[in-house]
>>> print(open('start-v7.pdb').read())   # PDB, C-alpha atoms
ATOM      1  CA  MET A   1      11.934  -5.357  14.154
ATOM      2  CA  HIS A   2      11.680  -1.618  13.437
ATOM      3  CA  ASP A   3      15.373  -1.485  12.515
ATOM      4  CA  LEU A   4      14.917  -4.451  10.177
ATOM      5  CA  LEU A   5      11.989  -2.784   8.401
ATOM      6  CA  ALA A   6      13.926   0.464   8.078
ATOM      7  CA  LEU A   7      16.906  -1.327   6.552
ATOM      8  CA  LEU A   8      14.697  -3.335   4.189
ATOM      9  CA  ASN A   9      12.922  -0.137   3.095
ATOM     10  CA  LYS A  10      16.330   1.384   2.338
ATOM     11  CA  LEU A  11      17.411  -1.667   0.314
ATOM     12  CA  VAL A  12      14.171  -1.734  -1.687
ATOM     13  CA  ALA A  13      14.517   1.999  -2.390
ATOM     14  CA  GLU A  14      18.046   1.333  -3.690
ATOM     15  CA  VAL A  15      16.823  -1.456  -5.991
ATOM     16  CA  ILE A  16      13.957   0.594  -7.498
ATOM     17  CA  ALA A  17      15.784   3.956  -7.640
ATOM     18  CA  GLY A  18      15.539   5.667 -11.003
ATOM     19  CA  SER A  19      12.609   3.561 -12.195
ATOM     20  CA  GLU A  20       8.856   4.041 -12.196
ATOM     21  CA  THR A  21       8.508   1.190  -9.708
ATOM     22  CA  GLU A  22       6.790   2.151  -6.470
ATOM     23  CA  LEU A  23       7.014   0.392  -3.106
ATOM     24  CA  VAL A  24       3.398  -0.168  -2.050
ATOM     25  CA  ASP A  25       3.954  -2.183   1.101
ATOM     26  CA  LEU A  26       6.635  -4.115   2.942
ATOM     27  CA  GLU A  27       6.070  -6.606   5.731
ATOM     28  CA  VAL A  28       8.062  -9.120   7.699
ATOM     29  CA  LYS A  29       6.191 -12.129   9.068
ATOM     30  CA  GLY A  30       7.157 -15.351  10.757
ATOM     31  CA  GLY A  31       9.700 -16.057  13.431
ATOM     32  CA  LYS A  32      13.062 -14.460  14.028
ATOM     33  CA  ASN A  33      14.883 -17.567  12.778
ATOM     34  CA  ASN A  34      12.819 -17.987   9.600
ATOM     35  CA  PRO A  35      11.325 -14.629   8.537
ATOM     36  CA  VAL A  36       9.185 -14.120   5.446
ATOM     37  CA  ILE A  37       9.818 -10.782   3.761
ATOM     38  CA  ARG A  38       6.958  -9.645   1.532
ATOM     39  CA  VAL A  39       7.574  -6.759  -0.843
ATOM     40  CA  PHE A  40       4.649  -5.372  -2.839
ATOM     41  CA  LEU A  41       5.617  -3.257  -5.850
ATOM     42  CA  ASP A  42       3.654  -1.541  -8.581
ATOM     43  CA  GLU A  43       4.289   0.402 -11.781
ATOM     44  CA  PRO A  44       2.085   2.491 -14.034
ATOM     45  CA  GLY A  45      -0.025  -0.003 -15.960
ATOM     46  CA  GLY A  46       0.830  -2.784 -13.498
ATOM     47  CA  ILE A  47       4.006  -4.672 -12.754
ATOM     48  CA  SER A  48       4.864  -7.834 -14.693
ATOM     49  CA  ILE A  49       5.955 -11.160 -13.263
ATOM     50  CA  ASP A  50       9.272 -10.868 -15.112
ATOM     51  CA  ARG A  51       9.888  -7.473 -13.507
ATOM     52  CA  CYS A  52       9.093  -8.897 -10.044
ATOM     53  CA  VAL A  53      11.545 -11.756 -10.644
ATOM     54  CA  ALA A  54      14.320  -9.360 -11.709
ATOM     55  CA  LEU A  55      13.734  -7.071  -8.726
ATOM     56  CA  SER A  56      13.627 -10.089  -6.391
ATOM     57  CA  ARG A  57      17.051 -11.205  -7.622
ATOM     58  CA  ASP A  58      18.500  -7.717  -7.156
ATOM     59  CA  LEU A  59      17.016  -7.400  -3.682
ATOM     60  CA  THR A  60      18.218 -10.889  -2.676
ATOM     61  CA  ASP A  61      21.762  -9.916  -3.664
ATOM     62  CA  LEU A  62      21.602  -6.788  -1.481
ATOM     63  CA  ILE A  63      20.059  -8.617   1.486
ATOM     64  CA  ASP A  64      22.670 -11.378   1.294
ATOM     65  CA  MET A  65      25.455  -8.794   1.492
ATOM     66  CA  GLN A  66      24.082  -7.605   4.859
ATOM     67  CA  ASP A  67      24.790  -9.221   8.223
ATOM     68  CA  PHE A  68      21.363  -8.480   9.670
ATOM     69  CA  LEU A  69      19.442 -11.578   8.526
ATOM     70  CA  LEU A  70      19.916 -15.253   9.074
ATOM     71  CA  ARG A  71      20.308 -17.410   5.991
ATOM     72  CA  ASN A  72      16.813 -18.889   6.364
ATOM     73  CA  TYR A  73      14.705 -15.947   5.227
ATOM     74  CA  ARG A  74      12.173 -16.198   2.401
ATOM     75  CA  LEU A  75      11.633 -13.258   0.053
ATOM     76  CA  GLU A  76       8.380 -12.721  -1.834
ATOM     77  CA  VAL A  77       8.201  -9.898  -4.375
ATOM     78  CA  SER A  78       4.842  -9.357  -6.039
ATOM     79  CA  SER A  79       2.149  -7.010  -7.231
ATOM     80  CA  PRO A  80      -0.153  -5.809  -4.471
ATOM     81  CA  GLY A  81      -3.153  -7.095  -6.445
ATOM     82  CA  ILE A  82      -6.359  -5.293  -7.250
ATOM     83  CA  ASP A  83      -8.067  -6.326  -4.008
ATOM     84  CA  ARG A  84      -5.464  -4.840  -1.689
ATOM     85  CA  PRO A  85      -6.484  -2.209   0.854
ATOM     86  CA  LEU A  86      -5.864   1.425  -0.046
ATOM     87  CA  LYS A  87      -3.774   3.061   2.679
ATOM     88  CA  THR A  88      -1.950   6.145   1.469
ATOM     89  CA  ARG A  89      -2.800   9.355  -0.338
ATOM     90  CA  ARG A  90      -0.966   7.972  -3.369
ATOM     91  CA  ASP A  91      -3.175   4.843  -3.305
ATOM     92  CA  PHE A  92      -6.305   6.994  -3.459
ATOM     93  CA  GLU A  93      -4.879   9.304  -6.141
ATOM     94  CA  ARG A  94      -3.957   6.311  -8.293
ATOM     95  CA  ASN A  95      -7.564   5.088  -8.081
ATOM     96  CA  ILE A  96      -9.468   8.290  -8.898
ATOM     97  CA  GLY A  97     -12.509   7.298 -10.940
ATOM     98  CA  ARG A  98     -12.851   3.876  -9.312
ATOM     99  CA  GLU A  99     -15.528   2.804  -6.869
ATOM    100  CA  VAL A 100     -14.407   2.055  -3.309
ATOM    101  CA  ASP A 101     -15.892   0.812  -0.053
ATOM    102  CA  ILE A 102     -14.497   2.757   2.929
ATOM    103  CA  THR A 103     -14.971   2.034   6.632
ATOM    104  CA  TYR A 104     -13.978   4.988   8.831
ATOM    105  CA  THR A 105     -14.534   6.793  12.123
ATOM    106  CA  GLY A 106     -15.940  10.293  12.473
ATOM    107  CA  SER A 107     -13.137  11.488  14.767
ATOM    108  CA  PRO A 108     -10.093  10.038  16.555
ATOM    109  CA  ASP A 109     -12.161   9.599  19.747
ATOM    110  CA  ASP A 110     -15.155   8.130  17.928
ATOM    111  CA  GLN A 111     -15.660   4.396  18.414
ATOM    112  CA  GLN A 112     -18.528   4.186  15.916
ATOM    113  CA  HIS A 113     -17.624   2.926  12.465
ATOM    114  CA  MET A 114     -19.234   4.428   9.390
ATOM    115  CA  GLN A 115     -19.251   3.213   5.805
ATOM    116  CA  ALA A 116     -19.269   5.006   2.481
ATOM    117  CA  ILE A 117     -19.417   3.478  -0.986
ATOM    118  CA  GLY A 118     -18.727   5.664  -3.965
ATOM    119  CA  GLU A 119     -16.421   6.809  -6.729
ATOM    120  CA  ILE A 120     -13.192   8.580  -5.788
ATOM    121  CA  VAL A 121     -13.396  11.999  -7.430
ATOM    122  CA  ALA A 122     -10.515  13.795  -5.679
ATOM    123  CA  VAL A 123      -7.879  13.719  -2.968
ATOM    124  CA  GLN A 124      -7.364  17.009  -1.163
ATOM    125  CA  GLY A 125      -5.248  18.563   1.564
ATOM    126  CA  SER A 126      -1.632  18.061   2.470
ATOM    127  CA  PRO A 127       0.300  16.133   5.117
ATOM    128  CA  GLU A 128       0.478  19.357   7.155
ATOM    129  CA  GLU A 129      -3.311  19.716   6.988
ATOM    130  CA  GLN A 130      -5.994  17.044   6.895
ATOM    131  CA  GLU A 131      -5.774  14.908   3.783
ATOM    132  CA  GLN A 132      -9.194  13.895   2.528
ATOM    133  CA  VAL A 133     -10.660  11.506  -0.005
ATOM    134  CA  VAL A 134     -13.686  12.929  -1.811
ATOM    135  CA  LEU A 135     -16.289  10.385  -2.903
ATOM    136  CA  LYS A 136     -19.342  10.754  -5.096
ATOM    137  CA  THR A 137     -21.981   8.469  -3.582
ATOM    138  CA  LYS A 138     -25.411   7.493  -4.875
ATOM    139  CA  LYS A 139     -27.085   8.084  -1.491
ATOM    140  CA  THR A 140     -25.708  11.373  -0.221
ATOM    141  CA  GLY A 141     -23.825  12.959  -3.095
ATOM    142  CA  GLU A 142     -20.348  14.136  -2.111
ATOM    143  CA  VAL A 143     -18.661  12.733   1.010
ATOM    144  CA  ARG A 144     -15.306  13.910   2.384
ATOM    145  CA  ILE A 145     -13.377  11.462   4.545
ATOM    146  CA  ASP A 146     -10.151  12.220   6.406
ATOM    147  CA  ILE A 147      -7.537   9.695   5.306
ATOM    148  CA  ALA A 148      -6.329   9.457   8.931
ATOM    149  CA  SER A 149      -9.793   8.246  10.021
ATOM    150  CA  ILE A 150      -9.959   5.402   7.485
ATOM    151  CA  ILE A 151      -9.997   1.943   9.019
ATOM    152  CA  LYS A 152     -10.261   0.024   5.757
ATOM    153  CA  ALA A 153     -10.652   1.010   2.105
ATOM    154  CA  LEU A 154     -11.121  -1.491  -0.686
ATOM    155  CA  ILE A 155     -11.703  -1.137  -4.421
ATOM    156  CA  ARG A 156     -15.084  -2.535  -5.401
ATOM    157  CA  ILE A 157     -14.489  -4.950  -8.236
ATOM    158  CA  LYS A 158     -17.230  -4.949 -10.848
ATOM    159  CA  TRP A 159     -17.949  -8.379 -12.275
ATOM    160  CA  ASN A 160     -19.734  -8.481 -15.620
TER     161      ASN A 160
END
>>> encode(input="start-v7.pdb", output="structure tokens")
Amino acid sequence: MHDLLALLNKLVAEVIAGSETELVDLEVKGGKNNPVIRVFLDEPGGISIDRCVALSRDLTDLIDMQDFLLRNYRLEVSSPGIDRPLKTRRDFERNIGREVDITYTGSPDDQQHMQAIGEIVAVQGSPEEQEQVVLKTKKTGEVRIDIASIIKALIRIKWN
């Protein structure tokens, strides 16, 4: 399965190379004989349905040229949607100024889950150090959360 994901990541990177399209997530579900490949892509300002269709066709052509999949796979190419979990530094950077709900642990050994709700004001650190999301909360002011300790982070959608 790991080899399949690595190859699919490579093929998606080839299809989106040179564009502003970003691979947000890639997953393979279902059985070995009938896998479902889900590719979530985004672009500045959001990705259109027409763009997803075009990229799906290009990716299908590349997958079909490979010998690694059976003929019975299903490919789904779509936007990740506004309610998708935030996982990477780039996800948090893209959403600076938005309100989020984060569930996290205090340390790697900590079994207790904590929650913070607030506006993302910054993302700090580097992969070599500890990357942190900085939130401005109503209750406690500024909160810094290590990205590695985040269990789940969701954008809070405001309904008018």
>>> closest_residue(input="start-v7.pdb", among="A:Asp50, A:Arg144, A:Leu11, A:Arg156", to="Ile82 of chain A", atoms="only C-alpha atoms")
A:Arg156
>>> atom_distance(input="start-v7.pdb", atom1="atom CA of Pro85 of chain A", atom2="atom CA of Ile157 of chain A")
12.4 Å
>>> axis_aligned_box(input="start-v7.pdb", around="segment 41-52 of chain A", padding_each_side="6 Å", output="JSON")
{"center_x": 4.9, "center_y": -4.3, "center_z": -10.9, "size_x": 21.9, "size_y": 25.7, "size_z": 22.1}
>>> closest_atom_pairs(input="start-v7.pdb", of="segment 72-112 of chain A", to="segment 24-35 of chain A", cutoff="7 Å", atoms="all atoms listed in the file", output="JSON lines")
{"residue": "A:Asn72", "atom": "CA", "partner": "A:Asn34", "partner_atom": "CA", "distance": 5.2}
{"residue": "A:Tyr73", "atom": "CA", "partner": "A:Pro35", "partner_atom": "CA", "distance": 4.9}
{"residue": "A:Arg74", "atom": "CA", "partner": "A:Pro35", "partner_atom": "CA", "distance": 6.4}
>>> closest_residue(input="start-v7.pdb", among="A:Leu75, A:Leu135, A:Ile150, A:Leu59", to="Ile16 of chain A", atoms="only C-alpha atoms")
A:Leu59
>>> residues_around(input="start-v7.pdb", residues="Ser19 of chain A", least_positions_apart="4", cutoff="12 Å", atoms="all atoms listed in the file", output="PyMOL selection string")
chain A and resi 12-15+23+41-44+47+51+55
>>> atom_distance(input="start-v7.pdb", atom1="atom CA of Ala122 of chain A", atom2="atom CA of Lys136 of chain A")
9.4 Å
>>> resolve_selection(input="start-v7.pdb", expression="the PyMOL selection byres ((chain A and resi 139-141) around 12)", output="list in words")
Gln115, Ala116, Ile117, Gly118, Glu119, Ile120, Val121, Val134, Leu135, Lys136, Thr137, Lys138, Glu142, Val143 and Arg144 of chain A
>>> resolve_selection(input="start-v7.pdb", expression="the PyMOL selection byres ((chain A and resi 149) around 6)", output="PyMOL selection string")
chain A and resi 104-105+146-148+150
>>> atom_distance(input="start-v7.pdb", atom1="atom CA of Asp61 of chain A", atom2="atom CA of Val36 of chain A")
16.1 Å
>>> closest_residue(input="start-v7.pdb", among="A:Leu7, A:Thr88, A:Thr60, A:Met114", to="Ser126 of chain A", atoms="only C-alpha atoms")
A:Thr88
>>> build_atoms(input="start-v7.pdb", residues="segment 60-95 of chain A", atoms="N, CA and C atoms", output="compact mmCIF listing (two decimals), in the coordinates of the input")
# COMPACT_ATOMS: atom_id res chain seq x y z
N THR A 60 17.57 -9.75 -3.35
CA THR A 60 18.22 -10.89 -2.68
C THR A 60 19.72 -10.65 -2.59
N ASP A 61 20.32 -10.19 -3.67
CA ASP A 61 21.76 -9.92 -3.66
C ASP A 61 22.12 -8.89 -2.59
N LEU A 62 21.32 -7.81 -2.48
CA LEU A 62 21.60 -6.79 -1.48
C LEU A 62 21.40 -7.32 -0.06
N ILE A 63 20.33 -8.07 0.15
CA ILE A 63 20.06 -8.62 1.49
C ILE A 63 21.18 -9.56 1.90
N ASP A 64 21.63 -10.40 0.97
CA ASP A 64 22.67 -11.38 1.29
C ASP A 64 24.01 -10.73 1.63
N MET A 65 24.22 -9.50 1.18
CA MET A 65 25.46 -8.79 1.49
C MET A 65 25.41 -8.18 2.90
N GLN A 66 24.24 -8.17 3.52
CA GLN A 66 24.08 -7.60 4.86
C GLN A 66 24.28 -8.69 5.92
N ASP A 67 24.62 -8.28 7.12
CA ASP A 67 24.79 -9.22 8.22
C ASP A 67 23.58 -9.26 9.15
N PHE A 68 22.48 -8.63 8.75
CA PHE A 68 21.36 -8.48 9.67
C PHE A 68 20.36 -9.62 9.63
N LEU A 69 20.40 -10.47 8.62
CA LEU A 69 19.44 -11.58 8.53
C LEU A 69 20.14 -12.92 8.60
N LEU A 70 19.41 -13.89 9.13
CA LEU A 70 19.92 -15.25 9.07
C LEU A 70 19.78 -15.76 7.65
N ARG A 71 20.35 -16.87 7.35
CA ARG A 71 20.31 -17.41 5.99
C ARG A 71 18.94 -18.00 5.64
N ASN A 72 18.07 -18.19 6.60
CA ASN A 72 16.81 -18.89 6.36
C ASN A 72 15.62 -17.98 6.09
N TYR A 73 15.84 -16.82 5.54
CA TYR A 73 14.70 -15.95 5.23
C TYR A 73 14.09 -16.37 3.90
N ARG A 74 12.84 -15.98 3.69
CA ARG A 74 12.17 -16.20 2.40
C ARG A 74 11.70 -14.84 1.91
N LEU A 75 12.00 -14.53 0.66
CA LEU A 75 11.63 -13.26 0.05
C LEU A 75 10.54 -13.48 -0.98
N GLU A 76 9.47 -12.69 -0.86
CA GLU A 76 8.38 -12.72 -1.83
C GLU A 76 8.21 -11.32 -2.40
N VAL A 77 8.38 -11.18 -3.69
CA VAL A 77 8.20 -9.90 -4.38
C VAL A 77 7.04 -10.06 -5.34
N SER A 78 6.02 -9.20 -5.19
CA SER A 78 4.84 -9.36 -6.04
C SER A 78 4.09 -8.04 -6.20
N SER A 79 3.10 -8.11 -7.06
CA SER A 79 2.15 -7.01 -7.23
C SER A 79 1.23 -7.00 -6.02
N PRO A 80 0.75 -5.84 -5.62
CA PRO A 80 -0.15 -5.81 -4.47
C PRO A 80 -1.53 -6.39 -4.79
N GLY A 81 -1.85 -6.54 -6.06
CA GLY A 81 -3.15 -7.10 -6.44
C GLY A 81 -4.24 -6.03 -6.41
N ILE A 82 -5.29 -6.28 -7.15
CA ILE A 82 -6.36 -5.29 -7.25
C ILE A 82 -7.21 -5.23 -5.99
N ASP A 83 -7.21 -6.29 -5.19
CA ASP A 83 -8.07 -6.33 -4.01
C ASP A 83 -7.35 -5.89 -2.73
N ARG A 84 -6.21 -5.27 -2.87
CA ARG A 84 -5.46 -4.84 -1.69
C ARG A 84 -6.10 -3.59 -1.07
N PRO A 85 -5.95 -3.41 0.22
CA PRO A 85 -6.48 -2.21 0.85
C PRO A 85 -5.74 -0.96 0.38
N LEU A 86 -6.47 0.13 0.27
CA LEU A 86 -5.86 1.42 -0.05
C LEU A 86 -5.48 2.06 1.29
N LYS A 87 -4.25 2.55 1.40
CA LYS A 87 -3.77 3.06 2.68
C LYS A 87 -3.27 4.50 2.62
N THR A 88 -2.62 4.85 1.53
CA THR A 88 -1.95 6.14 1.47
C THR A 88 -2.64 7.09 0.50
N ARG A 89 -2.28 8.35 0.59
CA ARG A 89 -2.80 9.36 -0.34
C ARG A 89 -2.54 8.91 -1.78
N ARG A 90 -1.35 8.42 -2.02
CA ARG A 90 -0.97 7.97 -3.37
C ARG A 90 -1.88 6.84 -3.85
N ASP A 91 -2.25 5.92 -2.95
CA ASP A 91 -3.18 4.84 -3.30
C ASP A 91 -4.50 5.41 -3.81
N PHE A 92 -5.02 6.40 -3.08
CA PHE A 92 -6.30 6.99 -3.46
C PHE A 92 -6.17 7.80 -4.75
N GLU A 93 -5.09 8.53 -4.91
CA GLU A 93 -4.88 9.30 -6.14
C GLU A 93 -4.80 8.38 -7.36
N ARG A 94 -4.12 7.26 -7.20
CA ARG A 94 -3.96 6.31 -8.29
C ARG A 94 -5.30 5.71 -8.71
N ASN A 95 -6.28 5.73 -7.82
CA ASN A 95 -7.56 5.09 -8.08
C ASN A 95 -8.71 6.07 -8.27
